[in-house]
Amino acid sequence: MQPITTNTYTTLQTLTEGLLFQSESDYPFEVKIVTDLAVLHLPNTTITLEALLQRACTPKDWHTPAQQATVARYQALYEYLQQFTNLSVYKTYDIVALIHIVLPTAPNEWVLVSTQAIET
């Protein structure tokens with residue numbers, strides 16, 4: 001593994017540790033290093049990073065201190081991911097939506113941040 005891949009993986013592990021993707025049922029994020037994207041069977045549908053994280057990054061007046069802390073964590077994750085101009089966000093549209101943020105880090109190396117969302 002290239003150092004940039006390892007560093008990106010470690011940073012994303014830290015940023016997503018204990019963070020749940022908010023939907024009808026909250027799911028954790030999973031971070032892993034991938035050397036072959038073909039095994040993931042990624043869908044053809046992509047969305048923007050902003051579309052994925054905008055709601056979670058937006059503070060509300062009625063948020064409790066715990067919710068404010070979660071918003072701050074999402075904002076930190078979003079800011080970190082924004083530096084990867086060539087990242088892609090793949091999402092399946094089903095009752096259980098699979099979400100994959102794919103970050104190319106080195107030739108034949110990607111860091112993948114995955115989660116799920118329930119959308120009925």
# chains A, B, ... in the order shown; residues from 1 in each chain; ligands from 1

call {"tool": "select_by_dssp", "arguments": {"residues": "region 3-116 of chain A", "states": "helix (DSSP H, G or I)", "output": "mmCIF file with N, CA and C atoms, in the first residue's frame"}}
result
data_model
loop_
_atom_site.group_PDB
_atom_site.id
_atom_site.type_symbol
_atom_site.label_atom_id
_atom_site.label_comp_id
_atom_site.auth_asym_id
_atom_site.auth_seq_id
_atom_site.Cartn_x
_atom_site.Cartn_y
_atom_site.Cartn_z
ATOM 1 N N PRO A 3 1.707 5.121 0.947
ATOM 2 C CA PRO A 3 1.449 5.888 2.181
ATOM 3 C C PRO A 3 0.181 6.739 2.111
ATOM 4 N N ILE A 4 -0.114 7.330 0.960
ATOM 5 C CA ILE A 4 -1.324 8.160 0.865
ATOM 6 C C ILE A 4 -2.584 7.324 1.092
ATOM 7 N N THR A 5 -2.560 6.078 0.628
ATOM 8 C CA THR A 5 -3.710 5.191 0.830
ATOM 9 C C THR A 5 -3.876 4.877 2.311
ATOM 10 N N THR A 6 -2.790 4.532 2.965
ATOM 11 C CA THR A 6 -2.826 4.206 4.388
ATOM 12 C C THR A 6 -3.248 5.418 5.218
ATOM 13 N N ASN A 7 -2.704 6.588 4.898
ATOM 14 C CA ASN A 7 -3.052 7.802 5.642
ATOM 15 C C ASN A 7 -4.525 8.169 5.455
ATOM 16 N N THR A 8 -5.012 8.053 4.222
ATOM 17 C CA THR A 8 -6.415 8.353 3.949
ATOM 18 C C THR A 8 -7.317 7.390 4.704
ATOM 19 N N TYR A 9 -6.977 6.117 4.659
ATOM 20 C CA TYR A 9 -7.748 5.094 5.378
ATOM 21 C C TYR A 9 -7.810 5.422 6.875
ATOM 22 N N THR A 10 -6.662 5.718 7.460
ATOM 23 C CA THR A 10 -6.591 5.987 8.896
ATOM 24 C C THR A 10 -7.407 7.230 9.266
ATOM 25 N N THR A 11 -7.285 8.276 8.470
ATOM 26 C CA THR A 11 -8.036 9.505 8.738
ATOM 27 C C THR A 11 -9.538 9.248 8.651
ATOM 28 N N LEU A 12 -9.959 8.530 7.619
ATOM 29 C CA LEU A 12 -11.397 8.248 7.462
ATOM 30 C C LEU A 12 -11.914 7.317 8.554
ATOM 31 N N GLN A 13 -11.099 6.387 8.995
ATOM 32 C CA GLN A 13 -11.496 5.532 10.122
ATOM 33 C C GLN A 13 -11.779 6.395 11.348
ATOM 34 N N THR A 14 -10.897 7.363 11.601
ATOM 35 C CA THR A 14 -11.055 8.247 12.752
ATOM 36 C C THR A 14 -12.295 9.123 12.604
ATOM 37 N N LEU A 15 -12.485 9.706 11.416
ATOM 38 C CA LEU A 15 -13.616 10.614 11.198
ATOM 39 C C LEU A 15 -14.971 9.910 11.264
ATOM 40 N N THR A 16 -15.026 8.640 10.890
ATOM 41 C CA THR A 16 -16.310 7.935 10.851
ATOM 42 C C THR A 16 -16.549 7.027 12.060
ATOM 43 N N LEU A 37 -11.816 -2.557 -8.089
ATOM 44 C CA LEU A 37 -13.180 -2.031 -8.003
ATOM 45 C C LEU A 37 -14.218 -2.954 -8.612
ATOM 46 N N ALA A 38 -13.808 -3.807 -9.534
ATOM 47 C CA ALA A 38 -14.763 -4.687 -10.209
ATOM 48 C C ALA A 38 -15.493 -5.603 -9.228
ATOM 49 N N VAL A 39 -14.844 -5.972 -8.140
ATOM 50 C CA VAL A 39 -15.475 -6.880 -7.178
ATOM 51 C C VAL A 39 -16.606 -6.210 -6.415
ATOM 52 N N LEU A 40 -16.687 -4.884 -6.473
ATOM 53 C CA LEU A 40 -17.722 -4.168 -5.731
ATOM 54 C C LEU A 40 -19.060 -4.120 -6.453
ATOM 55 N N LEU A 49 -21.304 14.472 -3.507
ATOM 56 C CA LEU A 49 -21.008 14.374 -2.080
ATOM 57 C C LEU A 49 -21.913 15.314 -1.293
ATOM 58 N N GLU A 50 -22.157 16.488 -1.840
ATOM 59 C CA GLU A 50 -23.034 17.446 -1.188
ATOM 60 C C GLU A 50 -24.446 16.889 -1.035
ATOM 61 N N ALA A 51 -24.966 16.264 -2.079
ATOM 62 C CA ALA A 51 -26.311 15.684 -1.999
ATOM 63 C C ALA A 51 -26.376 14.606 -0.922
ATOM 64 N N LEU A 52 -25.297 13.878 -0.765
ATOM 65 C CA LEU A 52 -25.275 12.803 0.228
ATOM 66 C C LEU A 52 -25.229 13.342 1.657
ATOM 67 N N LEU A 53 -24.403 14.359 1.892
ATOM 68 C CA LEU A 53 -24.134 14.782 3.267
ATOM 69 C C LEU A 53 -24.742 16.125 3.665
ATOM 70 N N GLN A 54 -25.387 16.824 2.758
ATOM 71 C CA GLN A 54 -25.876 18.177 3.034
ATOM 72 C C GLN A 54 -26.782 18.236 4.267
ATOM 73 N N ARG A 55 -27.756 17.366 4.337
ATOM 74 C CA ARG A 55 -28.704 17.403 5.463
ATOM 75 C C ARG A 55 -27.987 17.158 6.798
ATOM 76 N N ALA A 56 -27.061 16.220 6.810
ATOM 77 C CA ALA A 56 -26.357 15.889 8.049
ATOM 78 C C ALA A 56 -25.385 16.988 8.474
ATOM 79 N N CYS A 57 -24.952 17.816 7.527
ATOM 80 C CA CYS A 57 -23.998 18.889 7.812
ATOM 81 C C CYS A 57 -24.659 20.212 8.178
ATOM 82 N N PRO A 65 -27.228 19.583 22.238
ATOM 83 C CA PRO A 65 -25.759 19.589 22.174
ATOM 84 C C PRO A 65 -25.187 18.319 21.525
ATOM 85 N N ALA A 66 -25.790 17.177 21.779
ATOM 86 C CA ALA A 66 -25.312 15.935 21.152
ATOM 87 C C ALA A 66 -25.507 15.976 19.641
ATOM 88 N N GLN A 67 -26.656 16.491 19.198
ATOM 89 C CA GLN A 67 -26.913 16.601 17.762
ATOM 90 C C GLN A 67 -25.978 17.622 17.120
ATOM 91 N N GLN A 68 -25.678 18.696 17.826
ATOM 92 C CA GLN A 68 -24.729 19.689 17.326
ATOM 93 C C GLN A 68 -23.346 19.070 17.155
ATOM 94 N N ALA A 69 -22.960 18.216 18.084
ATOM 95 C CA ALA A 69 -21.668 17.535 17.985
ATOM 96 C C ALA A 69 -21.645 16.603 16.770
ATOM 97 N N THR A 70 -22.761 15.931 16.491
ATOM 98 C CA THR A 70 -22.846 15.053 15.321
ATOM 99 C C THR A 70 -22.748 15.865 14.039
ATOM 100 N N VAL A 71 -23.416 17.007 13.990
ATOM 101 C CA VAL A 71 -23.329 17.885 12.814
ATOM 102 C C VAL A 71 -21.882 18.314 12.598
ATOM 103 N N ALA A 72 -21.187 18.664 13.660
ATOM 104 C CA ALA A 72 -19.784 19.074 13.553
ATOM 105 C C ALA A 72 -18.917 17.938 13.010
ATOM 106 N N ARG A 73 -19.209 16.715 13.410
ATOM 107 C CA ARG A 73 -18.450 15.562 12.906
ATOM 108 C C ARG A 73 -18.724 15.351 11.424
ATOM 109 N N TYR A 74 -19.980 15.492 11.014
ATOM 110 C CA TYR A 74 -20.312 15.386 9.592
ATOM 111 C C TYR A 74 -19.634 16.501 8.788
ATOM 112 N N GLN A 75 -19.597 17.703 9.345
ATOM 113 C CA GLN A 75 -18.934 18.805 8.658
ATOM 114 C C GLN A 75 -17.445 18.513 8.478
ATOM 115 N N ALA A 76 -16.802 17.944 9.495
ATOM 116 C CA ALA A 76 -15.382 17.591 9.401
ATOM 117 C C ALA A 76 -15.161 16.515 8.337
ATOM 118 N N LEU A 77 -16.047 15.526 8.297
ATOM 119 C CA LEU A 77 -15.955 14.477 7.284
ATOM 120 C C LEU A 77 -16.115 15.072 5.890
ATOM 121 N N TYR A 78 -17.104 15.921 5.712
ATOM 122 C CA TYR A 78 -17.363 16.553 4.419
ATOM 123 C C TYR A 78 -16.161 17.391 3.970
ATOM 124 N N GLU A 79 -15.618 18.185 4.875
ATOM 125 C CA GLU A 79 -14.459 19.021 4.544
ATOM 126 C C GLU A 79 -13.263 18.170 4.133
ATOM 127 N N TYR A 80 -13.048 17.074 4.835
ATOM 128 C CA TYR A 80 -11.931 16.196 4.474
ATOM 129 C C TYR A 80 -12.148 15.578 3.095
ATOM 130 N N LEU A 81 -13.344 15.069 2.852
ATOM 131 C CA LEU A 81 -13.623 14.412 1.579
ATOM 132 C C LEU A 81 -13.572 15.381 0.401
ATOM 133 N N GLN A 82 -13.877 16.651 0.626
ATOM 134 C CA GLN A 82 -13.874 17.633 -0.449
ATOM 135 C C GLN A 82 -12.500 17.806 -1.092
#

call {"tool": "closest_residue", "arguments": {"among": "A:Thr85, A:Ser114, A:Thr120, A:Thr58", "to": "Ser25 (chain A)", "atoms": "only C-alpha atoms"}}
result
A:Thr120

call {"tool": "residues_around", "arguments": {"residues": "Gln116 (chain A)", "least_positions_apart": "5", "cutoff": "8 Å", "atoms": "only C-alpha atoms", "output": "VMD selection string"}}
result
chain A and resid 21 27 to 28 96 to 99

call {"tool": "write_last_selection", "arguments": {"atoms": "N, CA and C atoms", "output": "compact mmCIF listing (two decimals), in the first residue's frame"}}
result
# COMPACT_ATOMS: atom_id res chain seq x y z
N PHE A 21 -24.84 6.89 9.62
CA PHE A 21 -25.49 7.57 8.50
C PHE A 21 -26.97 7.65 8.81
N TYR A 27 -27.17 3.60 10.06
CA TYR A 27 -26.16 2.57 9.82
C TYR A 27 -24.77 3.16 10.00
N PRO A 28 -23.82 2.35 10.47
CA PRO A 28 -22.44 2.83 10.61
C PRO A 28 -21.76 2.93 9.24
N VAL A 96 -33.38 -0.62 0.66
CA VAL A 96 -32.09 -0.54 1.34
C VAL A 96 -31.10 -0.02 0.31
N ALA A 97 -30.76 1.26 0.42
CA ALA A 97 -29.82 1.87 -0.52
C ALA A 97 -28.39 1.62 -0.03
N LEU A 98 -27.57 1.13 -0.93
CA LEU A 98 -26.15 0.94 -0.63
C LEU A 98 -25.41 2.17 -1.13
N ILE A 99 -24.55 2.70 -0.29
CA ILE A 99 -23.82 3.92 -0.61
C ILE A 99 -22.33 3.65 -0.49

call {"tool": "atom_distance", "arguments": {"atom1": "CA of Asn86 (chain A)", "atom2": "CA of Asn108 (chain A)"}}
result
14.1 Å

call {"tool": "atom_distance", "arguments": {"atom1": "CA of Pro104 (chain A)", "atom2": "CA of Ser23 (chain A)"}}
result
26.7 Å

call {"tool": "atom_distance", "arguments": {"atom1": "CA of Ile118 (chain A)", "atom2": "CA of Asp26 (chain A)"}}
result
8.1 Å

call {"tool": "closest_residue", "arguments": {"among": "A:Trp110, A:Tyr90, A:Phe29, A:Phe84", "to": "Leu42 (chain A)", "atoms": "only C-alpha atoms"}}
result
A:Tyr90

call {"tool": "decode", "arguments": {"residues": "region 1-100 of chain A", "atoms": "C-alpha atoms", "output": "compact mmCIF listing (two decimals), in the first residue's frame"}}
result
# COMPACT_ATOMS: atom_id res chain seq x y z
CA MET A 1 0.00 0.00 0.00
CA GLN A 2 1.08 3.51 -0.80
CA PRO A 3 1.45 5.89 2.18
CA ILE A 4 -1.32 8.16 0.86
CA THR A 5 -3.71 5.19 0.83
CA THR A 6 -2.83 4.21 4.39
CA ASN A 7 -3.05 7.80 5.64
CA THR A 8 -6.41 8.35 3.95
CA TYR A 9 -7.75 5.09 5.38
CA THR A 10 -6.59 5.99 8.90
CA THR A 11 -8.04 9.51 8.74
CA LEU A 12 -11.40 8.25 7.46
CA GLN A 13 -11.50 5.53 10.12
CA THR A 14 -11.06 8.25 12.75
CA LEU A 15 -13.62 10.61 11.20
CA THR A 16 -16.31 7.93 10.85
CA GLU A 17 -15.72 5.99 14.07
CA GLY A 18 -19.06 5.78 15.90
CA LEU A 19 -20.75 8.01 13.29
CA LEU A 20 -24.05 6.71 11.91
CA PHE A 21 -25.49 7.57 8.50
CA GLN A 22 -28.87 9.11 9.20
CA SER A 23 -31.89 7.62 7.45
CA GLU A 24 -35.01 5.78 8.55
CA SER A 25 -32.59 3.39 10.22
CA ASP A 26 -29.11 4.60 11.11
CA TYR A 27 -26.16 2.57 9.82
CA PRO A 28 -22.44 2.83 10.61
CA PHE A 29 -19.81 3.71 8.06
CA GLU A 30 -17.28 1.10 6.99
CA VAL A 31 -13.88 2.12 5.65
CA LYS A 32 -11.68 -0.25 3.69
CA ILE A 33 -8.90 -0.33 1.13
CA VAL A 34 -9.76 -1.87 -2.23
CA THR A 35 -7.40 -2.91 -5.02
CA ASP A 36 -10.03 -4.09 -7.51
CA LEU A 37 -13.18 -2.03 -8.00
CA ALA A 38 -14.76 -4.69 -10.21
CA VAL A 39 -15.48 -6.88 -7.18
CA LEU A 40 -17.72 -4.17 -5.73
CA HIS A 41 -20.29 -4.28 -8.56
CA LEU A 42 -20.80 -0.54 -8.27
CA PRO A 43 -24.08 0.80 -9.67
CA ASN A 44 -24.14 3.20 -12.60
CA THR A 45 -25.87 5.84 -10.49
CA THR A 46 -23.71 8.53 -8.95
CA ILE A 47 -24.66 11.46 -6.76
CA THR A 48 -22.70 14.40 -5.44
CA LEU A 49 -21.01 14.37 -2.08
CA GLU A 50 -23.03 17.45 -1.19
CA ALA A 51 -26.31 15.68 -2.00
CA LEU A 52 -25.27 12.80 0.23
CA LEU A 53 -24.13 14.78 3.27
CA GLN A 54 -25.88 18.18 3.03
CA ARG A 55 -28.70 17.40 5.46
CA ALA A 56 -26.36 15.89 8.05
CA CYS A 57 -24.00 18.89 7.81
CA THR A 58 -26.70 21.51 8.33
CA PRO A 59 -27.16 22.72 11.92
CA LYS A 60 -30.66 23.47 13.16
CA ASP A 61 -31.75 25.81 15.96
CA TRP A 62 -33.53 22.97 17.73
CA HIS A 63 -30.52 20.60 17.83
CA THR A 64 -29.46 19.34 21.22
CA PRO A 65 -25.76 19.59 22.17
CA ALA A 66 -25.31 15.94 21.15
CA GLN A 67 -26.91 16.60 17.76
CA GLN A 68 -24.73 19.69 17.33
CA ALA A 69 -21.67 17.53 17.99
CA THR A 70 -22.85 15.05 15.32
CA VAL A 71 -23.33 17.89 12.81
CA ALA A 72 -19.78 19.07 13.55
CA ARG A 73 -18.45 15.56 12.91
CA TYR A 74 -20.31 15.39 9.59
CA GLN A 75 -18.93 18.80 8.66
CA ALA A 76 -15.38 17.59 9.40
CA LEU A 77 -15.96 14.48 7.28
CA TYR A 78 -17.36 16.55 4.42
CA GLU A 79 -14.46 19.02 4.54
CA TYR A 80 -11.93 16.20 4.47
CA LEU A 81 -13.62 14.41 1.58
CA GLN A 82 -13.87 17.63 -0.45
CA GLN A 83 -10.12 17.67 -0.95
CA PHE A 84 -10.45 14.57 -3.16
CA THR A 85 -11.61 16.15 -6.40
CA ASN A 86 -11.75 12.81 -8.18
CA LEU A 87 -13.93 10.94 -5.66
CA SER A 88 -17.18 9.31 -6.75
CA VAL A 89 -20.31 8.61 -4.74
CA TYR A 90 -22.34 5.61 -5.88
CA LYS A 91 -25.82 4.90 -4.58
CA THR A 92 -28.30 2.18 -5.34
CA TYR A 93 -31.94 3.17 -5.24
CA ASP A 94 -33.87 0.52 -3.39
CA ILE A 95 -35.56 0.21 -0.03
CA VAL A 96 -32.09 -0.54 1.34
CA ALA A 97 -29.82 1.87 -0.52
CA LEU A 98 -26.15 0.94 -0.63
CA ILE A 99 -23.82 3.92 -0.61
CA HIS A 100 -20.14 3.86 -1.56
